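To be precise, the following lines are input-v2.cif, and they hold mmCIF, C-alpha atoms and all ligand atoms.
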data_target
loop_
_atom_site.label_atom_id
_atom_site.label_comp_id
_atom_site.auth_asym_id
_atom_site.auth_seq_id
_atom_site.Cartn_x
_atom_site.Cartn_y
_atom_site.Cartn_z
CA MET V 1 -13.66 -11.57 10.48
CA LYS V 2 -11.52 -10.31 7.61
CA LYS V 3 -13.30 -7.10 6.64
CA VAL V 4 -12.95 -5.49 3.23
CA LEU V 5 -14.58 -2.27 2.05
CA VAL V 6 -15.75 -2.27 -1.55
CA LEU V 7 -16.34 1.17 -3.08
CA GLU V 8 -17.83 0.82 -6.55
CA ASP V 9 -20.75 2.72 -8.01
CA GLU V 10 -21.67 0.15 -10.65
CA ALA V 11 -23.91 -2.37 -8.90
CA ASN V 12 -23.05 -5.31 -11.16
CA ILE V 13 -19.31 -4.87 -10.77
CA ARG V 14 -19.72 -4.36 -7.05
CA SER V 15 -21.68 -7.58 -6.64
CA PHE V 16 -19.11 -9.44 -8.77
CA VAL V 17 -16.38 -8.24 -6.44
CA VAL V 18 -18.41 -8.92 -3.31
CA ILE V 19 -19.40 -12.44 -4.33
CA ASN V 20 -15.80 -13.36 -5.06
CA LEU V 21 -14.42 -11.87 -1.87
CA LYS V 22 -17.08 -13.65 0.19
CA ARG V 23 -16.18 -16.89 -1.53
CA ALA V 24 -12.55 -16.27 -0.52
CA GLY V 25 -13.58 -15.86 3.12
CA TYR V 26 -13.88 -12.09 3.48
CA GLU V 27 -16.66 -10.07 5.04
CA THR V 28 -17.54 -7.19 2.75
CA ILE V 29 -18.85 -3.71 3.47
CA GLU V 30 -20.28 -1.99 0.40
CA ALA V 31 -20.31 1.64 -0.62
CA GLY V 32 -21.55 3.32 -3.80
CA THR V 33 -20.10 6.79 -3.26
CA GLY V 34 -16.95 8.25 -1.73
CA ALA V 35 -18.89 9.81 1.12
CA GLU V 36 -20.46 6.44 1.95
CA ALA V 37 -17.06 4.77 1.88
CA LEU V 38 -15.59 7.29 4.34
CA GLU V 39 -18.62 6.90 6.59
CA GLN V 40 -18.31 3.09 6.55
CA LEU V 41 -14.63 3.33 7.45
CA ARG V 42 -15.51 5.52 10.41
CA ARG V 43 -18.17 3.05 11.51
CA ASN V 44 -15.98 -0.02 10.94
CA PRO V 45 -12.49 0.70 12.22
CA ASP V 46 -11.69 -3.00 11.84
CA ILE V 47 -11.74 -2.77 8.02
CA LYS V 48 -8.31 -3.99 6.92
CA VAL V 49 -8.44 -3.50 3.17
CA ALA V 50 -10.34 -0.98 1.01
CA LEU V 51 -11.00 -1.46 -2.71
CA LEU V 52 -11.62 1.93 -4.29
CA ASP V 53 -13.05 2.45 -7.74
CA ILE V 54 -11.57 5.57 -9.34
CA MET V 55 -14.40 6.75 -11.56
CA LEU V 56 -17.35 7.68 -9.38
CA PRO V 57 -20.43 9.71 -10.32
CA ASP V 58 -20.31 12.27 -7.52
CA ASP V 59 -17.69 14.95 -7.09
CA MET V 60 -15.30 12.82 -5.04
CA ASP V 61 -13.33 10.33 -7.13
CA GLY V 62 -11.38 7.33 -5.87
CA PHE V 63 -8.13 9.31 -5.66
CA GLU V 64 -9.74 11.86 -3.38
CA VAL V 65 -11.24 9.10 -1.21
CA CYS V 66 -7.78 7.54 -0.97
CA ARG V 67 -6.22 10.86 -0.02
CA ARG V 68 -8.81 11.42 2.70
CA ILE V 69 -8.39 7.93 4.12
CA ARG V 70 -4.62 8.35 4.24
CA ALA V 71 -4.92 11.73 5.95
CA SER V 72 -6.05 9.92 9.09
CA ASN V 73 -5.26 6.24 8.56
CA SER V 74 -1.97 4.82 7.39
CA ARG V 75 -2.69 1.23 8.30
CA VAL V 76 -5.59 0.22 6.08
CA GLY V 77 -4.53 -1.47 2.85
CA ILE V 78 -5.82 0.32 -0.26
CA ILE V 79 -6.27 -1.18 -3.71
CA MET V 80 -7.49 1.06 -6.53
CA LEU V 81 -9.85 -0.37 -9.14
CA THR V 82 -9.19 1.30 -12.44
CA ALA V 83 -11.05 0.90 -15.70
CA ARG V 84 -8.36 2.75 -17.57
CA THR V 85 -4.93 1.41 -18.24
CA GLN V 86 -2.93 4.61 -18.47
CA GLU V 87 0.25 4.50 -16.46
CA MET V 88 -0.66 7.93 -15.15
CA ASP V 89 -3.67 6.58 -13.29
CA LYS V 90 -1.65 3.93 -11.59
CA VAL V 91 1.06 6.36 -10.59
CA THR V 92 -1.47 8.93 -9.37
CA GLY V 93 -3.22 6.28 -7.31
CA LEU V 94 -0.02 5.09 -5.72
CA MET V 95 1.18 8.61 -5.07
CA THR V 96 -2.06 9.44 -3.25
CA GLY V 97 -1.34 6.56 -0.91
CA ALA V 98 -2.74 3.39 -2.49
CA ASP V 99 -0.81 0.15 -2.03
CA ASP V 100 -1.82 -1.52 -5.25
CA TYR V 101 -4.19 -1.29 -8.20
CA VAL V 102 -6.23 -3.76 -10.23
CA THR V 103 -7.17 -2.96 -13.79
CA LYS V 104 -10.66 -3.81 -15.01
CA PRO V 105 -11.62 -6.26 -16.29
CA PHE V 106 -10.03 -8.53 -13.73
CA SER V 107 -10.55 -12.19 -12.97
CA PRO V 108 -11.81 -13.38 -9.57
CA ALA V 109 -8.46 -15.12 -9.05
CA GLU V 110 -6.50 -11.96 -9.73
CA LEU V 111 -8.70 -9.88 -7.45
CA THR V 112 -8.53 -12.25 -4.50
CA ALA V 113 -4.78 -12.77 -4.97
CA ARG V 114 -4.23 -9.01 -4.66
CA VAL V 115 -6.50 -8.69 -1.63
CA ASP V 116 -4.87 -11.74 0.00
CA ALA V 117 -1.41 -10.26 -0.57
CA ILE V 118 -2.30 -6.95 1.06
CA TYR V 119 -4.22 -8.65 3.84
CA ARG V 120 -1.33 -10.98 4.66
CA ARG V 121 1.01 -8.04 4.93
CA ILE V 122 -1.27 -6.10 7.23
CA GLY V 123 -2.06 -9.19 9.26
CA ASP V 124 -4.94 -9.65 11.64
CA GLY V 125 -3.70 -7.11 14.14
CA GLU V 126 -1.84 -9.61 16.29
CA GLU V 127 1.80 -8.68 15.95
CA PRO V 128 4.21 -11.38 16.99
CA VAL V 129 6.23 -10.33 20.01
CA VAL V 130 9.87 -9.96 19.08
CA ASP V 131 12.77 -9.09 21.33
CA ASP V 132 14.59 -6.73 19.03
CA ALA V 133 11.57 -4.53 18.47
CA VAL V 134 13.60 -1.54 17.43
CA ILE V 135 15.94 -1.16 14.47
CA GLN V 136 18.04 1.97 14.74
CA TYR V 137 19.76 3.58 11.85
CA PRO V 138 20.26 7.23 12.79
CA PRO V 139 18.40 9.43 12.18
CA PHE V 140 15.85 6.63 11.74
CA LEU V 141 14.21 4.37 14.25
CA LEU V 142 11.95 1.56 13.09
CA ASN V 143 9.73 -0.03 15.69
CA THR V 144 8.88 -3.54 14.47
CA ARG V 145 6.38 -4.14 17.24
CA ASN V 146 3.96 -1.37 16.36
CA ARG V 147 5.31 -0.97 12.81
CA THR V 148 6.12 2.72 13.05
CA LEU V 149 8.95 4.87 11.77
CA GLU V 150 10.64 7.87 13.37
CA LYS V 151 13.15 10.29 11.95
CA ASN V 152 15.04 12.47 14.43
CA GLY V 153 12.52 11.40 17.05
CA GLN V 154 9.59 12.59 14.95
CA ARG V 155 6.98 10.13 13.77
CA VAL V 156 6.91 9.71 9.97
CA LYS V 157 3.50 8.55 8.75
CA VAL V 158 4.11 5.53 6.53
CA THR V 159 1.78 3.03 4.93
CA GLN V 160 2.25 -0.66 5.66
CA VAL V 161 3.94 -1.11 2.28
CA GLU V 162 6.33 1.75 2.97
CA TYR V 163 7.04 0.29 6.40
CA SER V 164 7.86 -3.08 4.83
CA ILE V 165 10.20 -1.44 2.33
CA MET V 166 11.97 0.47 5.11
CA LYS V 167 12.37 -2.73 7.10
CA LEU V 168 13.82 -4.54 4.11
CA PHE V 169 16.39 -1.77 3.60
CA LEU V 170 17.32 -1.50 7.27
CA ASP V 171 17.71 -5.28 7.47
CA ASN V 172 20.10 -5.05 4.49
CA PRO V 173 22.01 -1.77 4.78
CA GLY V 174 24.45 -1.14 1.95
CA LYS V 175 23.24 -4.14 -0.04
CA ALA V 176 22.02 -3.56 -3.59
CA LEU V 177 18.51 -5.00 -3.80
CA SER V 178 17.03 -5.74 -7.19
CA ARG V 179 13.54 -4.50 -7.94
CA GLU V 180 12.43 -8.14 -8.28
CA GLU V 181 13.83 -8.90 -4.82
CA ILE V 182 12.02 -5.92 -3.33
CA LEU V 183 8.79 -6.90 -5.08
CA SER V 184 8.81 -10.49 -3.87
CA SER V 185 9.94 -9.58 -0.38
CA VAL V 186 7.41 -6.80 0.18
CA TRP V 187 4.49 -7.87 -2.00
CA GLY V 188 4.97 -11.62 -1.65
CA GLU V 189 6.25 -14.41 -3.87
CA LYS V 190 2.93 -14.97 -5.54
CA TYR V 191 2.34 -11.34 -6.43
CA TYR V 192 2.05 -10.88 -10.14
CA GLY V 193 1.91 -7.15 -10.48
CA GLU V 194 4.38 -4.92 -12.27
CA LEU V 195 7.86 -3.89 -11.17
CA LYS V 196 6.80 -0.29 -11.60
CA ILE V 197 4.94 -0.49 -8.31
CA VAL V 198 8.32 -0.77 -6.60
CA ASP V 199 9.59 2.46 -8.18
CA VAL V 200 6.45 4.39 -7.35
CA ASN V 201 6.42 3.28 -3.73
CA ILE V 202 10.07 4.17 -3.37
CA ARG V 203 9.46 7.55 -4.91
CA ARG V 204 6.70 8.12 -2.34
CA LEU V 205 8.83 6.87 0.52
CA ARG V 206 11.67 9.17 -0.49
CA LEU V 207 9.31 12.16 -0.29
CA LYS V 208 8.71 11.22 3.33
CA ILE V 209 12.16 10.30 4.55
CA GLU V 210 14.77 12.08 2.45
CA ASP V 211 16.02 15.57 3.33
CA ASP V 212 16.04 16.29 -0.39
CA PRO V 213 14.01 13.72 -2.36
CA GLN V 214 15.60 14.93 -5.62
CA THR V 215 19.04 13.86 -4.42
CA PRO V 216 18.30 10.94 -2.13
CA LYS V 217 21.05 9.86 0.21
CA PHE V 218 19.25 7.17 2.18
CA ILE V 219 17.52 5.17 -0.55
CA THR V 220 19.90 5.38 -3.48
CA THR V 221 19.33 4.10 -6.99
CA VAL V 222 21.45 1.30 -8.38
CA TRP V 223 21.08 2.03 -12.06
CA GLY V 224 19.61 -0.77 -14.16
CA TYR V 225 19.20 -2.95 -11.09
CA GLY V 226 17.33 -1.59 -8.13
CA TYR V 227 17.94 0.27 -4.89
CA LYS V 228 20.24 0.36 -1.93
CA TRP V 229 20.21 1.80 1.58
CA GLY V 230 23.00 4.36 1.78
CA PHE V 231 25.92 4.83 -0.59
CA CA Q 1 -17.16 3.52 -11.57
#
Write-out of the structure in structure tokens:
Amino acid sequence: MKKVLVLEDEANIRSFVVINLKRAGYETIEAGTGAEALEQLRRNPDIKVALLDIMLPDDMDGFEVCRRIRASNSRVGIIMLTARTQEMDKVTGLMTGADDYVTKPFSPAELTARVDAIYRRIGDGEEPVVDDAVIQYPPFLLNTRNRTLEKNGQRVKVTQVEYSIMKLFLDNPGKALSREEILSSVWGEKYYGELKIVDVNIRRLRLKIEDDPQTPKFITTVWGYGYKWGF
């Protein structure tokens, strides 16, 4: 079963989300507070995607829930539900480890498209067996079988989105990739989010892989176009 966690304190919005996800073939686990959401994740390790509302009544907001999930789990897909439209919210959410965000009010089609996109990328846990399981680009080593990244032999905790971006770069070293190309390759052709999500994810990835994120030498910027692996 394709399990999705829905954290939303407003019962009517939560049931709107749940009904539409069920209609799209997902099994839903509901939570009304951050603490409940974390408890449900512990109880249901097979949850693949979590939808997290940001504004919650108790002292833990959606950002904090996201941060706590990411502290121990880099594989679950996280989509923030935000009622506000400030860029800051979106950036904060992505920087705390979310993969995507949906701004309220959203249509059922938009919601399920976003969940489908994340779900497809994470897959159902059955990785295809490939022969060249390891891509080496010293000091990096990308293991495509278990989707992990190492730098100098040390594991770097990356989200599935960050992993996909790394793979795209290492498959195309030295090639300038436009932001549109990165978006459609990592988020899928049908994704209709904003290009900004590419920049924020790259900013986050740089913090994890660059020696000095302020002067990146692995993921370099191609001004007015996109990004490139190396110089
Ligand atoms: Ca709320």
Kindly provide the residues of chain V that approach ligand CA 1 (chain Q) to within 6 Å, each paired with its closest atom pair and their distance in Å to one decimal, based on all atoms listed in the file, listed by chain and increasing number, as a Markdown table.
| residue | atom | partner | partner_atom | distance |
| --- | --- | --- | --- | --- |
| V:Glu8 | CA | Q:CA1 | CA | 5.7 |
| V:Asp9 | CA | Q:CA1 | CA | 5.1 |
| V:Glu10 | CA | Q:CA1 | CA | 5.7 |
| V:Asp53 | CA | Q:CA1 | CA | 5.7 |
| V:Met55 | CA | Q:CA1 | CA | 4.2 |
| V:Leu56 | CA | Q:CA1 | CA | 4.7 |
Q | Which residue of V:Leu38, V:Ile209, V:Leu183, V:Ile122 approaches Pro138 of chain V most closely, using all atoms listed in the file | A |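 When distances to Pro138 of chain V are compared using all atoms listed in the file, the smallest one comes from V:Ile209.
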Per residue of segment 102-127 of chain V within 12 Å of segment 193-205 of chain V, record the nearest atom pair and its distance in Å to one decimal, counting all atoms listed in the file, with rows in chain order and ascending residue number, as CSV.
residue,atom,partner,partner_atom,distance
V:Val102,CA,V:Gly193,CA,8.8
V:Thr103,CA,V:Gly193,CA,10.5
V:Glu110,CA,V:Gly193,CA,9.7
V:Leu111,CA,V:Gly193,CA,11.4
V:Ala113,CA,V:Gly193,CA,10.3
V:Arg114,CA,V:Gly193,CA,8.7
V:Ala117,CA,V:Gly193,CA,10.9
Q) So which one's closest to Ile79 of chain V, V:Val4, V:Gly34, V:Glu39, V:Glu150? Using only C-alpha atoms, please. A)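 Nearest candidate to Ile79 of chain V out of V:Val4, V:Gly34, V:Glu39, V:Glu150: V:Val4.
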**Q.** Sphere at (13.1, 3.8, 15.3), radius 12 Å, counting all atoms listed in the file: residues as a list of chain:residue names
**A.** V:Asp132, V:Ala133, V:Val134, V:Ile135, V:Gln136, V:Tyr137, V:Pro138, V:Pro139, V:Phe140, V:Leu141, V:Leu142, V:Asn143, V:Thr144, V:Arg145, V:Asn146, V:Arg147, V:Thr148, V:Leu149, V:Glu150, V:Lys151, V:Asn152, V:Gly153, V:Gln154, V:Arg155, V:Val156, V:Tyr163, V:Met166, V:Lys167, V:Leu170
Keeping only C-alpha atoms, write the selected residues as a PDB file, keeping the file's coordinate frame.
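Saved file selection_26.pdb follows:
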ATOM      1  CA  ASP V 132      14.590  -6.730  19.030  1.00  0.00           C
ATOM      2  CA  ALA V 133      11.570  -4.530  18.470  1.00  0.00           C
ATOM      3  CA  VAL V 134      13.600  -1.540  17.430  1.00  0.00           C
ATOM      4  CA  ILE V 135      15.940  -1.160  14.470  1.00  0.00           C
ATOM      5  CA  GLN V 136      18.040   1.970  14.740  1.00  0.00           C
ATOM      6  CA  TYR V 137      19.760   3.580  11.850  1.00  0.00           C
ATOM      7  CA  PRO V 138      20.260   7.230  12.790  1.00  0.00           C
ATOM      8  CA  PRO V 139      18.400   9.430  12.180  1.00  0.00           C
ATOM      9  CA  PHE V 140      15.850   6.630  11.740  1.00  0.00           C
ATOM     10  CA  LEU V 141      14.210   4.370  14.250  1.00  0.00           C
ATOM     11  CA  LEU V 142      11.950   1.560  13.090  1.00  0.00           C
ATOM     12  CA  ASN V 143       9.730  -0.030  15.690  1.00  0.00           C
ATOM     13  CA  THR V 144       8.880  -3.540  14.470  1.00  0.00           C
ATOM     14  CA  ARG V 145       6.380  -4.140  17.240  1.00  0.00           C
ATOM     15  CA  ASN V 146       3.960  -1.370  16.360  1.00  0.00           C
ATOM     16  CA  ARG V 147       5.310  -0.970  12.810  1.00  0.00           C
ATOM     17  CA  THR V 148       6.120   2.720  13.050  1.00  0.00           C
ATOM     18  CA  LEU V 149       8.950   4.870  11.770  1.00  0.00           C
ATOM     19  CA  GLU V 150      10.640   7.870  13.370  1.00  0.00           C
ATOM     20  CA  LYS V 151      13.150  10.290  11.950  1.00  0.00           C
ATOM     21  CA  ASN V 152      15.040  12.470  14.430  1.00  0.00           C
ATOM     22  CA  GLY V 153      12.520  11.400  17.050  1.00  0.00           C
ATOM     23  CA  GLN V 154       9.590  12.590  14.950  1.00  0.00           C
ATOM     24  CA  ARG V 155       6.980  10.130  13.770  1.00  0.00           C
ATOM     25  CA  VAL V 156       6.910   9.710   9.970  1.00  0.00           C
ATOM     26  CA  TYR V 163       7.040   0.290   6.400  1.00  0.00           C
ATOM     27  CA  MET V 166      11.970   0.470   5.110  1.00  0.00           C
ATOM     28  CA  LYS V 167      12.370  -2.730   7.100  1.00  0.00           C
ATOM     29  CA  LEU V 170      17.320  -1.500   7.270  1.00  0.00           C
TER      30      LEU V 170
END
Q: May I ask which of the residues V:Arg206, V:Pro216, V:Val76, V:Lys228 is the closest one to Leu168 of chain V, counting only C-alpha atoms?
A: V:Lys228
Q) Hey, which of V:Asn20, V:Ser74, V:Thr28, V:Gln40 ends up closest to Gln160 of chain V? Count all atoms listed in the file. A)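 Looking at the shortest contact to Gln160 of chain V, the residue is V:Ser74.
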Q. Please, which residues are within 7 Å of (-7.1, 7.0, -9.6) by the file's coordinates, counting only C-alpha atoms, and could they come as number ranges by chain?
A. V: 54, 62-63, 80, 82, 89-90, 92-93
Restricting it to C-alpha atoms, dump the selection as a compact mmCIF listing (two decimals), in the frame of the given file.
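The resulting file, out_14.txt, is shown below:
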# COMPACT_ATOMS: atom_id res chain seq x y z
CA ILE V 54 -11.57 5.57 -9.34
CA GLY V 62 -11.38 7.33 -5.87
CA PHE V 63 -8.13 9.31 -5.66
CA MET V 80 -7.49 1.06 -6.53
CA THR V 82 -9.19 1.30 -12.44
CA ASP V 89 -3.67 6.58 -13.29
CA LYS V 90 -1.65 3.93 -11.59
CA THR V 92 -1.47 8.93 -9.37
CA GLY V 93 -3.22 6.28 -7.31
Q: Between V:Tyr119, V:Asn73, V:Val161, V:Asp171, single out the one closest to Pro45 of chain V, counting all atoms listed in the file.
A: V:Asn73
Q: Quick one: pull the distance between atom CA of Ser15 of chain V and atom CA of Pro105 of chain V, Å, one decimal.
A: 14.0 Å
Q) So how many Å separate atom CA of Tyr225 of chain V and atom CA of Asp211 of chain V, to one decimal? A) 23.7 Å
Q: Using only C-alpha atoms, find the one residue out of V:Leu207, V:Ile165, V:Leu41, V:Ala31 that sits nearest to Tyr227 of chain V.
A: V:Ile165
Q. Please, what distance in Å, to one decimal, runs between atom CA of Ile118 of chain V and atom CA of Met1 of chain V?
A.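 Computing the Euclidean distance for atom CA of Ile118 of chain V and atom CA of Met1 of chain V yields 15.5 Å.
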